[in-house]
>>> print(open('model23.cif').read())   # mmCIF, C-alpha atoms
data_model
#
loop_
_atom_site.label_atom_id
_atom_site.label_comp_id
_atom_site.auth_asym_id
_atom_site.auth_seq_id
_atom_site.Cartn_x
_atom_site.Cartn_y
_atom_site.Cartn_z
CA MET H 1 86.65 304.80 -126.32
CA ALA H 2 85.25 306.16 -129.56
CA PRO H 3 81.61 307.29 -129.32
CA ASP H 4 80.46 304.76 -131.90
CA THR H 5 82.05 301.84 -130.05
CA LYS H 6 79.68 299.29 -128.59
CA HIS H 7 80.97 297.80 -125.38
CA LEU H 8 80.02 294.67 -123.47
CA GLU H 9 81.73 293.14 -120.48
CA VAL H 10 81.15 290.38 -117.99
CA THR H 11 82.96 288.94 -115.02
CA LEU H 12 83.08 285.16 -115.04
CA ASP H 13 83.80 282.64 -112.34
CA THR H 14 86.87 280.47 -112.67
CA HIS H 15 84.86 277.46 -113.74
CA VAL H 16 84.84 275.17 -116.77
CA GLU H 17 81.34 276.31 -117.71
CA SER H 18 82.61 279.89 -118.06
CA VAL H 19 84.43 278.78 -121.20
CA ASN H 20 81.13 277.86 -122.84
CA VAL H 21 79.40 281.00 -121.55
CA ALA H 22 82.13 283.23 -122.98
CA GLU H 23 82.10 281.43 -126.31
CA GLU H 24 78.31 281.69 -126.61
CA MET H 25 78.28 285.35 -125.67
CA CYS H 26 80.95 286.32 -128.18
CA LEU H 27 79.38 284.20 -130.90
CA ARG H 28 76.13 286.12 -130.52
CA VAL H 29 77.96 289.44 -130.64
CA ALA H 30 79.92 288.32 -133.70
CA GLU H 31 76.77 287.18 -135.49
CA SER H 32 74.99 290.44 -134.74
CA ALA H 33 78.06 292.34 -135.97
CA GLY H 34 77.68 290.64 -139.34
CA PHE H 35 80.44 288.05 -139.26
CA GLY H 36 79.83 284.97 -141.41
CA GLU H 37 79.79 281.38 -140.22
CA ASP H 38 83.51 280.74 -140.74
CA ASP H 39 84.61 283.89 -138.94
CA CYS H 40 82.16 283.21 -136.11
CA TYR H 41 83.76 279.79 -135.73
CA ARG H 42 87.23 281.36 -135.57
CA ILE H 43 86.12 284.02 -133.08
CA GLY H 44 84.31 281.48 -130.91
CA MET H 45 87.32 279.18 -130.85
CA SER H 46 89.65 282.07 -130.02
CA VAL H 47 87.47 283.26 -127.15
CA ARG H 48 87.28 279.71 -125.91
CA GLU H 49 91.06 279.38 -125.97
CA GLY H 50 91.53 282.75 -124.29
CA VAL H 51 89.20 281.85 -121.44
CA ILE H 52 90.74 278.38 -121.10
CA ASN H 53 94.09 280.13 -120.78
CA ALA H 54 92.72 282.41 -118.05
CA PHE H 55 90.94 279.55 -116.30
CA HIS H 56 93.79 277.07 -116.29
CA TYR H 57 97.08 278.95 -116.57
CA GLY H 58 96.20 282.40 -115.29
CA ASN H 59 93.87 281.69 -112.40
CA GLN H 60 95.22 278.18 -111.82
CA GLU H 61 91.60 276.99 -111.61
CA LYS H 62 91.22 278.76 -108.25
CA PRO H 63 87.52 279.51 -107.68
CA ASP H 64 88.18 282.71 -105.71
CA LYS H 65 89.66 284.34 -108.81
CA LYS H 66 87.68 285.88 -111.66
CA ILE H 67 87.94 286.04 -115.43
CA HIS H 68 87.10 289.39 -117.00
CA LEU H 69 85.81 289.36 -120.54
CA ALA H 70 85.12 292.49 -122.58
CA VAL H 71 84.05 292.95 -126.18
CA ASP H 72 84.20 296.16 -128.17
CA ILE H 73 82.66 296.62 -131.59
CA THR H 74 84.17 299.64 -133.32
CA SER H 75 83.44 300.82 -136.83
CA GLU H 76 86.31 298.63 -138.03
CA LYS H 77 86.69 295.57 -135.85
CA MET H 78 85.60 293.36 -132.99
CA ILE H 79 88.05 293.58 -130.10
CA ILE H 80 88.06 290.98 -127.34
CA HIS H 81 89.82 291.29 -123.99
CA VAL H 82 90.31 288.34 -121.65
CA LEU H 83 91.86 289.28 -118.33
CA ASP H 84 92.80 286.86 -115.55
CA GLU H 85 93.93 287.37 -111.97
CA GLY H 86 97.10 285.33 -112.20
CA LYS H 87 100.72 286.40 -112.39
CA GLY H 88 100.90 287.20 -116.09
CA PHE H 89 103.24 285.67 -118.63
CA ASP H 90 105.68 286.59 -121.33
CA LEU H 91 104.28 285.78 -124.75
CA SER H 92 107.76 285.23 -126.15
CA SER H 93 108.35 282.43 -123.65
CA VAL H 94 105.45 280.32 -124.91
CA PRO H 95 106.88 277.25 -126.71
CA ASP H 96 106.16 276.75 -130.39
CA PRO H 97 103.62 273.89 -130.55
CA LEU H 98 104.82 273.04 -134.07
CA ALA H 99 108.41 272.42 -132.96
CA GLN H 100 109.34 268.75 -133.16
CA GLU H 101 110.15 268.56 -129.45
CA ASN H 102 106.69 269.91 -128.56
CA LEU H 103 104.52 267.73 -130.77
CA LEU H 104 103.69 265.39 -127.91
CA SER H 105 103.09 268.18 -125.43
CA THR H 106 99.59 267.98 -124.01
CA SER H 107 99.24 271.76 -123.80
CA GLY H 108 100.45 274.98 -125.40
CA ARG H 109 98.26 275.13 -128.50
CA GLY H 110 95.77 277.78 -127.41
CA ILE H 111 98.01 280.76 -128.18
CA PHE H 112 98.78 279.24 -131.56
CA LEU H 113 95.10 278.89 -132.39
CA MET H 114 94.23 282.44 -131.30
CA ARG H 115 97.09 283.84 -133.38
CA ALA H 116 95.96 281.82 -136.36
CA PHE H 117 92.29 282.68 -136.15
CA MET H 118 92.36 286.38 -135.27
CA ASP H 119 93.72 289.35 -137.23
CA GLU H 120 95.47 290.83 -134.21
CA PHE H 121 96.68 289.14 -131.06
CA ASN H 122 98.68 290.35 -128.10
CA VAL H 123 99.16 289.69 -124.40
CA VAL H 124 99.83 292.62 -122.09
CA PRO H 125 100.10 293.01 -118.30
CA GLY H 126 96.58 293.50 -116.96
CA ARG H 127 95.47 295.90 -114.24
CA THR H 128 94.89 292.90 -111.95
CA GLY H 129 98.52 291.88 -112.28
CA GLY H 130 97.48 289.00 -114.47
CA ALA H 131 97.65 288.60 -118.22
CA GLU H 132 95.32 290.42 -120.54
CA ILE H 133 94.78 288.87 -123.93
CA ILE H 134 93.70 291.40 -126.54
CA MET H 135 92.65 290.11 -129.91
CA SER H 136 90.61 291.51 -132.74
CA LYS H 137 89.03 290.67 -136.04
CA LYS H 138 88.17 293.07 -138.81
CA LEU H 139 84.46 293.54 -139.40
CA PRO H 140 83.13 292.27 -142.71
CA GLY H 141 83.57 295.03 -145.25
CA ALA H 142 85.94 297.09 -143.11
CA ASN H 143 89.41 298.10 -144.29
CA PRO H 144 92.27 295.67 -143.55
CA VAL H 145 93.94 295.96 -140.15
CA PRO H 146 97.69 296.72 -140.37
CA ASN H 147 99.86 293.83 -139.23
CA GLY H 148 101.56 294.02 -135.83
CA GLN H 149 99.02 296.38 -134.31
CA ALA H 150 97.49 293.87 -131.95
CA GLY H 151 96.21 295.39 -128.77
CA GLN H 152 97.82 298.69 -129.54
CA SER H 153 96.62 301.52 -131.76
CA GLU H 154 92.85 301.41 -131.60
CA ALA H 155 92.39 298.77 -128.93
CA PRO H 156 91.05 300.22 -125.69
CA GLN H 157 93.87 300.95 -123.27
CA GLN H 158 91.91 299.84 -120.25
CA GLY H 159 90.58 296.36 -119.75
CA PRO H 160 87.26 295.20 -118.37
CA GLN H 161 86.08 296.54 -115.03
CA GLN H 162 85.27 293.94 -112.43
CA GLY H 163 81.65 293.71 -111.43
CA GLN H 164 80.34 295.85 -114.23
CA GLY H 165 78.78 293.20 -116.39
CA THR H 166 76.24 294.52 -118.81
CA MET I 1 76.62 269.07 -128.33
CA VAL I 2 78.50 267.10 -125.69
CA MET I 3 80.87 264.36 -126.68
CA ARG I 4 79.64 260.79 -126.97
CA ALA I 5 81.70 257.65 -127.43
CA THR I 6 80.84 254.03 -128.11
CA TYR I 7 83.23 251.27 -129.04
CA ARG I 8 83.12 248.06 -131.00
CA ASP I 9 85.53 245.28 -131.82
CA ALA I 10 87.02 244.80 -135.26
CA GLY I 11 89.14 241.71 -134.66
CA GLU I 12 91.86 242.59 -132.20
CA VAL I 13 91.37 246.28 -132.89
CA THR I 14 88.86 248.38 -130.99
CA VAL I 15 87.13 251.15 -132.89
CA VAL I 16 85.84 254.00 -130.76
CA ASP I 17 83.13 255.98 -132.54
CA ILE I 18 83.20 259.52 -131.19
CA GLY I 19 80.73 262.30 -131.89
CA GLY I 20 80.09 265.85 -130.75
CA ARG I 21 82.70 268.14 -129.26
CA ILE I 22 86.03 267.16 -127.71
CA THR I 23 86.57 270.18 -125.50
CA LEU I 24 87.69 271.19 -122.04
CA GLY I 25 85.58 269.50 -119.40
CA GLU I 26 83.26 266.58 -120.04
CA GLY I 27 84.48 265.87 -123.56
CA SER I 28 88.12 265.56 -122.60
CA ALA I 29 87.25 263.61 -119.46
CA LEU I 30 85.10 261.12 -121.37
CA LEU I 31 87.83 260.52 -123.94
CA ARG I 32 90.36 259.96 -121.16
CA SER I 33 88.13 257.56 -119.26
CA THR I 34 87.20 255.64 -122.41
CA ILE I 35 90.85 255.02 -123.28
CA LYS I 36 91.63 254.15 -119.69
CA ASP I 37 88.79 251.62 -119.59
CA LEU I 38 89.89 250.02 -122.87
CA LEU I 39 93.47 249.62 -121.65
CA ALA I 40 92.25 248.17 -118.37
CA ASP I 41 90.28 245.67 -120.45
CA GLY I 42 93.43 244.70 -122.33
CA ARG I 43 92.47 246.45 -125.56
CA ASN I 44 95.50 248.44 -126.67
CA LYS I 45 95.03 248.61 -130.43
CA ILE I 46 92.65 251.48 -130.66
CA VAL I 47 91.15 253.49 -133.50
CA LEU I 48 89.42 256.75 -132.70
CA ASN I 49 86.79 257.31 -135.37
CA LEU I 50 86.36 261.08 -135.41
CA GLY I 51 83.88 261.11 -138.26
CA ASP I 52 81.10 262.65 -136.19
CA VAL I 53 83.30 265.05 -134.24
CA ASN I 54 82.43 268.60 -135.18
CA TYR I 55 84.68 270.55 -132.84
CA ILE I 56 88.01 270.06 -131.07
CA ASP I 57 89.64 272.78 -128.97
CA SER I 58 93.20 272.85 -127.66
CA SER I 59 92.19 270.81 -124.61
CA GLY I 60 90.73 268.18 -126.89
CA ILE I 61 93.93 268.08 -128.94
CA GLY I 62 95.87 267.76 -125.70
CA GLU I 63 93.64 264.88 -124.66
CA LEU I 64 94.25 263.11 -127.97
CA VAL I 65 97.99 263.46 -127.40
CA THR I 66 97.61 262.20 -123.83
CA GLY I 67 95.67 259.22 -125.14
CA PHE I 68 98.34 258.55 -127.73
CA THR I 69 101.18 258.55 -125.20
CA THR I 70 99.16 256.55 -122.66
CA VAL I 71 98.37 253.81 -125.17
CA LYS I 72 101.96 253.78 -126.44
CA LYS I 73 103.27 253.35 -122.90
CA ALA I 74 100.86 250.46 -122.49
CA GLY I 75 102.49 248.76 -125.46
CA GLY I 76 99.68 249.51 -127.87
CA ASP I 77 98.88 252.05 -130.52
CA LEU I 78 96.28 254.74 -131.06
CA LYS I 79 95.30 255.78 -134.56
CA LEU I 80 92.79 258.22 -135.95
CA LEU I 81 90.09 257.71 -138.54
CA HIS I 82 88.29 260.46 -140.43
CA LEU I 83 90.29 263.44 -139.29
CA THR I 84 90.36 266.05 -141.99
CA LYS I 85 93.33 268.02 -140.70
CA LEU I 86 96.45 265.92 -140.63
CA PHE I 87 98.50 265.51 -137.52
CA THR I 88 102.18 264.78 -137.79
CA VAL I 89 102.14 262.53 -134.72
CA PHE I 90 99.29 260.22 -135.64
CA GLU I 91 98.88 257.97 -138.60
CA VAL I 92 95.71 259.22 -140.22
CA PHE I 93 93.39 257.13 -142.37
CA SER I 94 90.22 257.80 -144.28
CA ASP I 95 89.14 254.20 -144.59
CA GLU I 96 88.26 251.87 -141.72
CA ASN I 97 89.48 248.63 -143.33
CA THR I 98 92.84 250.20 -144.13
CA VAL I 99 93.40 251.46 -140.61
CA ILE I 100 92.53 248.06 -139.14
CA ARG I 101 94.85 246.26 -141.55
CA SER I 102 97.66 248.68 -140.70
CA PHE I 103 98.02 247.10 -137.27
CA LYS I 104 99.09 243.79 -138.82
#
>>> encode(input="model23.cif", output="structure tokens")
Amino acid sequence: MAPDTKHLEVTLDTHVESVNVAEEMCLRVAESAGFGEDDCYRIGMSVREGVINAFHYGNQEKPDKKIHLAVDITSEKMIIHVLDEGKGFDLSSVPDPLAQENLLSTSGRGIFLMRAFMDEFNVVPGRTGGAEIIMSKKLPGANPVPNGQAGQSEAPQQGPQQGQGT
Amino acid sequence: MVMRATYRDAGEVTVVDIGGRITLGEGSALLRSTIKDLLADGRNKIVLNLGDVNYIDSSGIGELVTGFTTVKKAGGDLKLLHLTKLFTVFEVFSDENTVIRSFK
């Protein structure tokens, strides 16, 4: 981690209320980092969708499992990690919610929203064996982030550490 | 702000005025129970007035789709009023009289 990176992480219970807690926490970080109202909305929605994904699909709503949320503020961007304790998933296998056959599906839109709202988005195998969502948004005034770099180049290689909430 | 929902009759159509956030948890559950109650009461021509809704997450969208399919299976129809972003599944209207007339 670069020395000028600010890091925050929490471990959340697998509970519906954790979705709101995560959204609120990241909104406050985004506001303090200088993001405007529209970007804060996009970041908040993306965090919400990431934690819903961990809560419902990753941890299968099992209360004995945890959701690990970490936020890094570098000189260029806000990076968000959401790690679950499920079995992981292949991003390429997620159905396209805009496909005609999926329009009446009651789920599957969270990934779409996160991709749409963030500059970078990726899902990698997490250290827990579950899925780790890594997404980022360029800070206001920072240089553009190259496309296709989600969760790679400057994103921290290691996810949040359980029980080390700050 | 949590979701709130009240409904009123407009002829044979029921208009559900929804406000707040339709999100995972209470919001989605309230929407589901409201539609279920209306169908149980024999009201299957339903308009969801989303004019005071300020936030919908993917769970809320999923609940709207669930409501749509549930009402369709019950032989009725579910339409949306005052939704700024168009859906391809729903018929979307910006005027209450027009949406009510569209059922005829």
>>> residues_around(input="model23.cif", residues="Glu23 in chain H", least_positions_apart="3", cutoff="8 Å", atoms="all atoms listed in the file", output="list in words")
Val19, Asn20, Cys26, Leu27, Gly44, Met45, Val47 and Arg48 of chain H
>>> atom_distance(input="model23.cif", atom1="CA of Glu12 in chain I", atom2="CA of Leu50 in chain I")
19.6 Å
>>> atom_distance(input="model23.cif", atom1="CA of Asp41 in chain I", atom2="CA of Leu24 in chain I")
25.7 Å
>>> resolve_selection(input="model23.cif", expression="the PyMOL selection byres ((chain I) within 12 of (chain H))", output="JSON, numbers by chain")
{"I": [1, 2, 21, 23, 24, 25, 26, 27, 28, 54, 55, 56, 57, 58, 59, 60, 61, 62, 63, 64, 65, 66, 67, 68, 69, 70, 72, 87, 88, 89, 90]}
>>> resolve_selection(input="model23.cif", expression="the PyMOL selection byres ((chain I and resi 80-82) around 6)", output="list in words")
Val47, Leu48, Asn49, Leu50, Gly51, Lys79, Leu83, Val92, Phe93 and Ser94 of chain I
>>> resolve_selection(input="model23.cif", expression="the PyMOL selection byres ((chain H and resi 75-79) around 8)", output="list in words")
Asp4, Thr5, Ala30, Val71, Asp72, Ile73, Thr74, Ile80, His81, Ile134, Met135, Ser136, Lys137, Lys138, Leu139, Ala142, Asn143 and Ala155 of chain H
>>> closest_residue(input="model23.cif", among="I:Ile100, I:Ile35, I:Val71, I:Ala29", to="Thr6 in chain I", atoms="only C-alpha atoms")
I:Ile35
>>> atom_distance(input="model23.cif", atom1="CA of His56 in chain H", atom2="CA of Thr14 in chain H")
8.5 Å
